[in-house]
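Content type mmCIF, C-alpha atoms and all ligand atoms, from the file entry27.cif:
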```
data_run
#
loop_
_atom_site.group_PDB
_atom_site.id
_atom_site.type_symbol
_atom_site.label_atom_id
_atom_site.label_comp_id
_atom_site.auth_asym_id
_atom_site.auth_seq_id
_atom_site.Cartn_x
_atom_site.Cartn_y
_atom_site.Cartn_z
ATOM 1 C CA MET K 1 -2.146 103.336 4.524
ATOM 2 C CA MET K 2 0.649 101.119 5.781
ATOM 3 C CA LYS K 3 1.931 100.361 2.326
ATOM 4 C CA ASN K 4 2.989 103.946 1.662
ATOM 5 C CA GLU K 5 4.737 104.625 4.918
ATOM 6 C CA SER K 6 7.844 105.996 3.281
ATOM 7 C CA ARG K 7 5.898 108.824 1.709
ATOM 8 C CA THR K 8 4.961 111.839 3.733
ATOM 9 C CA PRO K 9 1.368 112.968 3.470
ATOM 10 C CA PRO K 10 0.793 116.593 2.499
ATOM 11 C CA GLU K 11 0.569 119.082 5.340
ATOM 12 C CA SER K 12 -2.969 119.859 6.327
ATOM 13 C CA SER K 13 -3.848 123.455 5.538
ATOM 14 C CA SER K 14 -6.225 123.550 8.497
ATOM 15 C CA GLN K 15 -3.546 122.439 10.939
ATOM 16 C CA THR K 16 -3.252 125.882 12.485
ATOM 17 C CA CYS K 17 -6.988 126.492 12.813
ATOM 18 C CA ALA K 18 -7.677 127.329 16.443
ATOM 19 C CA HIS K 19 -11.348 126.394 16.132
ATOM 20 C CA CYS K 20 -10.787 122.817 15.076
ATOM 21 C CA SER K 21 -10.634 120.103 17.673
ATOM 22 C CA ASP K 22 -7.955 117.415 17.574
ATOM 23 C CA SER K 23 -10.456 114.880 16.310
ATOM 24 C CA THR K 24 -11.336 117.155 13.393
ATOM 25 C CA LEU K 25 -7.670 117.462 12.450
ATOM 26 C CA ASP K 26 -7.433 113.713 12.756
ATOM 27 C CA THR K 27 -10.329 113.273 10.375
ATOM 28 C CA VAL K 28 -8.891 115.783 7.925
ATOM 29 C CA ARG K 29 -5.598 113.914 8.005
ATOM 30 C CA ARG K 30 -7.278 110.548 7.482
ATOM 31 C CA ILE K 31 -9.180 111.881 4.473
ATOM 32 C CA GLU K 32 -6.064 113.526 3.044
ATOM 33 C CA ASN K 33 -4.032 110.360 3.573
ATOM 34 C CA ALA K 34 -6.666 108.341 1.732
ATOM 35 C CA PHE K 35 -6.509 110.705 -1.207
ATOM 36 C CA PHE K 36 -2.733 110.896 -1.071
ATOM 37 C CA ASP K 37 -2.452 107.112 -1.040
ATOM 38 C CA LEU K 38 -4.154 107.068 -4.370
ATOM 39 C CA SER K 39 -1.413 109.363 -5.683
ATOM 40 C CA ARG K 40 -3.927 111.741 -7.142
ATOM 41 C CA PRO K 41 -3.244 115.451 -7.367
ATOM 42 C CA ASN K 42 -4.586 117.533 -4.529
ATOM 43 C CA THR K 43 -7.059 119.376 -6.762
ATOM 44 C CA ALA K 44 -9.597 122.028 -5.743
ATOM 45 C CA PRO K 45 -12.565 119.606 -5.779
ATOM 46 C CA ARG K 46 -10.623 117.264 -3.527
ATOM 47 C CA ARG K 47 -9.817 120.102 -1.168
ATOM 48 C CA MET K 48 -13.550 121.004 -1.043
ATOM 49 C CA LEU K 49 -14.437 117.412 -0.308
ATOM 50 C CA VAL K 50 -11.963 117.217 2.551
ATOM 51 C CA GLU K 51 -13.438 120.376 4.094
ATOM 52 C CA LYS K 52 -17.031 119.229 3.694
ATOM 53 C CA LEU K 53 -16.329 115.755 5.045
ATOM 54 C CA ALA K 54 -14.534 117.196 8.064
ATOM 55 C CA GLU K 55 -17.697 119.220 8.767
ATOM 56 C CA LEU K 56 -19.873 116.126 8.384
ATOM 57 C CA ALA K 57 -17.523 114.179 10.652
ATOM 58 C CA LYS K 58 -18.114 116.734 13.392
ATOM 59 C CA THR K 59 -21.896 116.295 13.304
ATOM 60 C CA GLY K 60 -21.738 112.567 12.585
ATOM 61 C CA GLU K 61 -24.324 113.088 9.877
ATOM 62 C CA ALA K 62 -24.863 110.322 7.327
ATOM 63 C CA PHE K 63 -25.328 111.374 3.713
ATOM 64 C CA SER K 64 -26.115 110.029 0.277
ATOM 65 C CA PRO K 65 -23.715 110.773 -2.595
ATOM 66 C CA ASP K 66 -26.286 113.147 -4.091
ATOM 67 C CA ASP K 67 -26.699 114.958 -0.735
ATOM 68 C CA LEU K 68 -22.976 115.546 -0.669
ATOM 69 C CA TRP K 69 -22.819 116.612 -4.284
ATOM 70 C CA GLN K 70 -25.693 119.115 -3.881
ATOM 71 C CA ARG K 71 -24.117 120.571 -0.756
ATOM 72 C CA LEU K 72 -20.745 120.967 -2.399
ATOM 73 C CA ARG K 73 -22.393 122.618 -5.382
ATOM 74 C CA ALA K 74 -24.305 125.015 -3.151
ATOM 75 C CA VAL K 75 -21.095 126.240 -1.523
ATOM 76 C CA TYR K 76 -18.445 125.881 -4.189
ATOM 77 C CA GLY K 77 -20.359 125.951 -7.449
ATOM 78 C CA LYS K 78 -18.637 123.839 -10.037
ATOM 79 C CA ILE K 79 -17.936 120.261 -9.005
ATOM 80 C CA GLY K 80 -18.662 117.161 -11.059
ATOM 81 C CA ARG K 81 -21.101 114.551 -9.834
ATOM 82 C CA ALA K 82 -18.746 111.803 -11.048
ATOM 83 C CA THR K 83 -15.870 113.283 -9.009
ATOM 84 C CA VAL K 84 -17.966 113.140 -5.855
ATOM 85 C CA TYR K 85 -19.131 109.569 -6.521
ATOM 86 C CA ARG K 86 -15.623 108.376 -7.355
ATOM 87 C CA SER K 87 -14.149 110.040 -4.298
ATOM 88 C CA ILE K 88 -16.747 108.433 -2.044
ATOM 89 C CA GLU K 89 -15.875 104.994 -3.413
ATOM 90 C CA GLN K 90 -12.176 105.664 -2.847
ATOM 91 C CA LEU K 91 -12.788 106.851 0.691
ATOM 92 C CA VAL K 92 -14.860 103.748 1.454
ATOM 93 C CA GLU K 93 -12.036 101.548 0.166
ATOM 94 C CA ASN K 94 -9.627 103.432 2.405
ATOM 95 C CA LYS K 95 -11.994 103.012 5.364
ATOM 96 C CA VAL K 96 -12.446 106.731 5.896
ATOM 97 C CA LEU K 97 -16.138 106.464 5.081
ATOM 98 C CA ASP K 98 -18.486 103.738 6.262
ATOM 99 C CA ARG K 99 -21.250 102.563 3.971
ATOM 100 C CA VAL K 100 -24.352 102.059 6.079
ATOM 101 C CA GLU K 101 -27.396 100.171 4.851
ATOM 102 C CA LEU K 102 -30.768 101.675 5.726
ATOM 103 C CA CYS K 103 -33.765 99.428 6.397
ATOM 104 C CA ASP K 104 -35.127 100.066 2.886
ATOM 105 C CA GLY K 105 -31.925 98.726 1.316
ATOM 106 C CA SER K 106 -30.589 102.134 0.271
ATOM 107 C CA HIS K 107 -27.268 103.405 1.577
ATOM 108 C CA ARG K 108 -25.807 106.363 3.367
ATOM 109 C CA TYR K 109 -22.185 107.193 4.010
ATOM 110 C CA ARG K 110 -20.691 108.404 7.244
ATOM 111 C CA VAL K 111 -17.298 109.576 8.461
ATOM 112 C CA CYS K 112 -16.692 107.385 11.500
ATOM 113 C CA GLY K 113 -13.741 106.887 13.800
ATOM 114 C CA GLY K 114 -11.111 104.325 12.872
ATOM 115 C CA SER K 115 -11.829 101.955 15.753
ATOM 116 C CA HIS K 116 -14.075 98.882 15.572
ATOM 117 C CA HIS K 117 -17.732 99.830 15.847
ATOM 118 C CA HIS K 118 -21.234 99.149 14.571
ATOM 119 C CA HIS K 119 -24.187 101.309 13.653
ATOM 120 C CA LEU K 120 -27.600 102.238 14.982
ATOM 121 C CA VAL K 121 -29.918 103.425 12.218
ATOM 122 C CA CYS K 122 -33.172 105.311 12.769
ATOM 123 C CA THR K 123 -35.812 103.897 10.442
ATOM 124 C CA SER K 124 -37.712 107.173 10.516
ATOM 125 C CA CYS K 125 -35.133 109.953 9.926
ATOM 126 C CA HIS K 126 -32.199 107.756 8.796
ATOM 127 C CA ARG K 127 -29.914 109.187 11.456
ATOM 128 C CA VAL K 128 -26.881 106.969 12.014
ATOM 129 C CA GLU K 129 -25.006 106.623 15.294
ATOM 130 C CA ASP K 130 -22.190 104.296 16.200
ATOM 131 C CA PHE K 131 -21.540 102.060 19.182
ATOM 132 C CA GLN K 132 -18.560 99.971 20.286
ATOM 133 C CA ASP K 133 -20.247 96.863 21.709
ATOM 134 C CA CYS K 134 -19.514 93.643 19.874
ATOM 135 C CA LEU K 135 -19.387 89.885 20.330
ATOM 136 C CA SER K 136 -16.115 88.525 21.696
ATOM 137 C CA GLU K 137 -13.591 86.875 19.415
ATOM 138 C CA GLN K 138 -14.311 83.568 21.177
ATOM 139 C CA LYS K 139 -17.996 83.910 20.369
ATOM 140 C CA PHE K 140 -17.236 84.395 16.674
ATOM 141 C CA GLU K 141 -14.913 81.369 16.750
ATOM 142 C CA GLU K 142 -17.630 79.344 18.432
ATOM 143 C CA ILE K 143 -20.167 80.368 15.760
ATOM 144 C CA GLY K 144 -17.640 79.475 13.065
ATOM 145 C CA ARG K 145 -16.997 76.064 14.617
ATOM 146 C CA ARG K 146 -20.687 75.321 14.981
ATOM 147 C CA HIS K 147 -21.337 76.074 11.305
ATOM 148 C CA ASP K 148 -17.998 74.822 9.978
ATOM 149 C CA PHE K 149 -17.431 78.299 8.713
ATOM 150 C CA SER K 150 -14.246 80.320 8.631
ATOM 151 C CA VAL K 151 -15.252 83.715 10.011
ATOM 152 C CA GLU K 152 -13.415 86.633 8.414
ATOM 153 C CA ASP K 153 -15.481 89.709 9.118
ATOM 154 C CA HIS K 154 -18.874 90.821 10.363
ATOM 155 C CA ARG K 155 -21.257 93.749 10.280
ATOM 156 C CA LEU K 156 -23.934 94.624 12.758
ATOM 157 C CA THR K 157 -26.596 97.239 12.179
ATOM 158 C CA VAL K 158 -29.313 97.914 14.715
ATOM 159 C CA TYR K 159 -32.529 99.460 13.388
ATOM 160 C CA GLY K 160 -35.005 101.387 15.490
ATOM 161 C CA THR K 161 -36.309 104.855 16.287
ATOM 162 C CA CYS K 162 -34.052 107.608 17.584
ATOM 163 C CA ARG K 163 -34.931 109.782 20.555
ATOM 164 C CA ARG K 164 -35.784 112.800 18.446
ATOM 165 C CA CYS K 165 -38.235 110.849 16.278
ATOM 166 C CA ARG K 166 -39.875 109.242 19.307
ATOM 167 C CA ARG K 167 -40.358 112.672 20.846
ATOM 168 C CA THR K 168 -41.895 114.028 17.643
ATOM 169 C CA ALA K 169 -44.241 111.028 17.539
ATOM 170 C CA ASP K 170 -45.278 111.612 21.180
ATOM 171 C CA ARG K 171 -46.215 115.217 20.451
ATOM 172 C CA ARG K 172 -48.642 114.231 17.710
HETATM 173 ZN ZN ZN K 201 -19.165 103.734 11.175
HETATM 174 ZN ZN ZN K 202 -34.904 109.452 13.903
HETATM 175 ZN ZN ZN K 203 -17.993 93.999 15.842
#
```
Let's see the structure in the file written out as structure tokens.
Amino acid sequence: MMKNESRTPPESSSQTCAHCSDSTLDTVRRIENAFFDLSRPNTAPRRMLVEKLAELAKTGEAFSPDDLWQRLRAVYGKIGRATVYRSIEQLVENKVLDRVELCDGSHRYRVCGGSHHHHLVCTSCHRVEDFQDCLSEQKFEEIGRRHDFSVEDHRLTVYGTCRRCRRTADRR
């Protein structure tokens, strides 16, 4: 987003909504900026996507591209599958969406905050949560030195069973 600093992003239409929290407006702005950066027109399908993703950001729900497409279709009717898939890819590139790998190798997408974090993934219901803990920079340097490896980035995903799934299992 830094590269287009001279350009002003479009005003968010939901800016005056009294029901939205600051973080929701933040998310809406981040999504809009990502789209704006790509200098694409602010079309109706894009507007729908922004609204839907802002909703998903609030619940922290992870989704598959088809989930998102079906949901958009249910509410708005006509929207192309390719548009949804393309937009997701663009939003991943712009770091608005995180691509999270499930234990079976499939993927879900999630609107996360912009700060450094990792994911907890429930192997039973595929719920995704985030957490901030990480190794220190020194630790990564140490690992790099030990393996003669220049560390550039890392991902950490913790798999397990969420509270809700454990409770359901207990009741059986
Ligand atoms: Zn995330
Ligand atoms: Zn679960
Ligand atoms: Zn980390």
TODO: For the structure shown, which residues end up in the PyMOL selection byres (((not hetatm)) within 7 of (chain K and resi 203))? Put them as a ChimeraX atom specification, please?
DONE: /K:116-118,133-135,154-156
- [ ] Excluding Pro45 of chain K and residues on its chain fewer than 5 positions from it, collect all residues at most 9 Å away from it, counting all atoms listed in the file, and give them as a ChimeraX atom specification.
- [x] /K:50,72,76,78-80,83-84
Just write the chosen residues, C-alpha atoms, as a PDB file, in the frame of the given file.
```pdb
ATOM      1  CA  VAL K  50     -11.963 117.217   2.551  1.00  0.00           C
ATOM      2  CA  LEU K  72     -20.745 120.967  -2.399  1.00  0.00           C
ATOM      3  CA  TYR K  76     -18.445 125.881  -4.189  1.00  0.00           C
ATOM      4  CA  LYS K  78     -18.637 123.839 -10.037  1.00  0.00           C
ATOM      5  CA  ILE K  79     -17.936 120.261  -9.005  1.00  0.00           C
ATOM      6  CA  GLY K  80     -18.662 117.161 -11.059  1.00  0.00           C
ATOM      7  CA  THR K  83     -15.870 113.283  -9.009  1.00  0.00           C
ATOM      8  CA  VAL K  84     -17.966 113.140  -5.855  1.00  0.00           C
TER       9      VAL K  84
END
```
Check which residues of chain K sit at most 10 Å from ligand ZN 202 (chain K) using all atoms listed in the file, and return one row each with the closest pair of atoms and their distance in Å to one decimal, ordered by chain and rising number, as a Markdown table.
```
| residue | atom | partner | partner_atom | distance |
| --- | --- | --- | --- | --- |
| K:Val121 | CA | K:ZN202 | ZN | 8.0 |
| K:Cys122 | CA | K:ZN202 | ZN | 4.6 |
| K:Thr123 | CA | K:ZN202 | ZN | 6.6 |
| K:Ser124 | CA | K:ZN202 | ZN | 5.0 |
| K:Cys125 | CA | K:ZN202 | ZN | 4.0 |
| K:His126 | CA | K:ZN202 | ZN | 6.0 |
| K:Arg127 | CA | K:ZN202 | ZN | 5.6 |
| K:Val128 | CA | K:ZN202 | ZN | 8.6 |
| K:Gly160 | CA | K:ZN202 | ZN | 8.2 |
| K:Thr161 | CA | K:ZN202 | ZN | 5.4 |
| K:Cys162 | CA | K:ZN202 | ZN | 4.2 |
| K:Arg163 | CA | K:ZN202 | ZN | 6.7 |
| K:Arg164 | CA | K:ZN202 | ZN | 5.7 |
| K:Cys165 | CA | K:ZN202 | ZN | 4.3 |
| K:Arg166 | CA | K:ZN202 | ZN | 7.3 |
| K:Arg167 | CA | K:ZN202 | ZN | 9.4 |
| K:Thr168 | CA | K:ZN202 | ZN | 9.2 |
```
Nearby residues, ligand ZN 201 (chain K), 7 Å, all atoms listed in the file, as a short mmCIF file (atom, residue, chain, number, x, y, z; two decimals) with C-alpha atoms, keeping the file's coordinate frame:
```cif
data_model
loop_
_atom_site.label_atom_id
_atom_site.label_comp_id
_atom_site.auth_asym_id
_atom_site.auth_seq_id
_atom_site.Cartn_x
_atom_site.Cartn_y
_atom_site.Cartn_z
CA ASP K 98 -18.49 103.74 6.26
CA ARG K 110 -20.69 108.40 7.24
CA VAL K 111 -17.30 109.58 8.46
CA CYS K 112 -16.69 107.38 11.50
CA GLY K 113 -13.74 106.89 13.80
CA HIS K 117 -17.73 99.83 15.85
CA HIS K 118 -21.23 99.15 14.57
CA HIS K 119 -24.19 101.31 13.65
CA ASP K 130 -22.19 104.30 16.20
#
```
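Closest approach to Lys52 of chain K from the set K:Phe149, K:Ser64, K:Asn33, K:Arg71 is made by K:Arg71, with distances taken over all atoms listed in the file.
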Open item on the list: Report, in Å to a single decimal, how far apart atom CA of Leu56 of chain K and atom CA of Gln132 of chain K are.
Closed with: 20.1 Å
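With atom CA of Thr157 of chain K on one side and atom CA of Asn94 of chain K on the other, the separation reads 20.5 Å.
Between atom CA of Glu129 of chain K and atom CA of Ala62 of chain K lies a distance of 8.8 Å.
Nearest-residue note for Phe140 of chain K: choosing from K:Lys95, K:Ala44, K:Thr59, K:Asp153, the minimum distance belongs to K:Asp153, counting all atoms listed in the file.
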Spatial neighbours of Ser150 of chain K, max dist 10 Å, all atoms listed in the file, sep filter under 6 positions, as an mmCIF file with C-alpha atoms, keeping the file's coordinate frame:
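The file below, around-v4.cif, is the result:
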```
data_model
loop_
_atom_site.group_PDB
_atom_site.id
_atom_site.type_symbol
_atom_site.label_atom_id
_atom_site.label_comp_id
_atom_site.auth_asym_id
_atom_site.auth_seq_id
_atom_site.Cartn_x
_atom_site.Cartn_y
_atom_site.Cartn_z
ATOM 1 C CA PHE K 140 -17.236 84.395 16.674
ATOM 2 C CA GLU K 141 -14.913 81.369 16.750
ATOM 3 C CA ILE K 143 -20.167 80.368 15.760
ATOM 4 C CA GLY K 144 -17.640 79.475 13.065
#
```
Open item on the list: Please expand the PyMOL selection byres (((chain K and resi 90) around 12) and not hetatm) into the concrete residues it hits in this file, giving the result as a ChimeraX atom specification.
Closed with: /K:31-40,46,83-89,91-99
Grab the residues selected above and save them as a CSV table (one decimal), keeping the file's coordinate frame with C-alpha atoms.
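Wrote out.csv, looks like this:
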```
chain,number,residue,atom,x,y,z
K,31,ILE,CA,-9.2,111.9,4.5
K,32,GLU,CA,-6.1,113.5,3.0
K,33,ASN,CA,-4.0,110.4,3.6
K,34,ALA,CA,-6.7,108.3,1.7
K,35,PHE,CA,-6.5,110.7,-1.2
K,36,PHE,CA,-2.7,110.9,-1.1
K,37,ASP,CA,-2.5,107.1,-1.0
K,38,LEU,CA,-4.2,107.1,-4.4
K,39,SER,CA,-1.4,109.4,-5.7
K,40,ARG,CA,-3.9,111.7,-7.1
K,46,ARG,CA,-10.6,117.3,-3.5
K,83,THR,CA,-15.9,113.3,-9.0
K,84,VAL,CA,-18.0,113.1,-5.9
K,85,TYR,CA,-19.1,109.6,-6.5
K,86,ARG,CA,-15.6,108.4,-7.4
K,87,SER,CA,-14.1,110.0,-4.3
K,88,ILE,CA,-16.7,108.4,-2.0
K,89,GLU,CA,-15.9,105.0,-3.4
K,91,LEU,CA,-12.8,106.9,0.7
K,92,VAL,CA,-14.9,103.7,1.5
K,93,GLU,CA,-12.0,101.5,0.2
K,94,ASN,CA,-9.6,103.4,2.4
K,95,LYS,CA,-12.0,103.0,5.4
K,96,VAL,CA,-12.4,106.7,5.9
K,97,LEU,CA,-16.1,106.5,5.1
K,98,ASP,CA,-18.5,103.7,6.3
K,99,ARG,CA,-21.2,102.6,4.0
```
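The shortest atom-to-atom distance to Leu68 of chain K, with only C-alpha atoms taken into account, belongs to K:Arg108 out of K:Arg108, K:Arg29, K:Arg145, K:Arg172.
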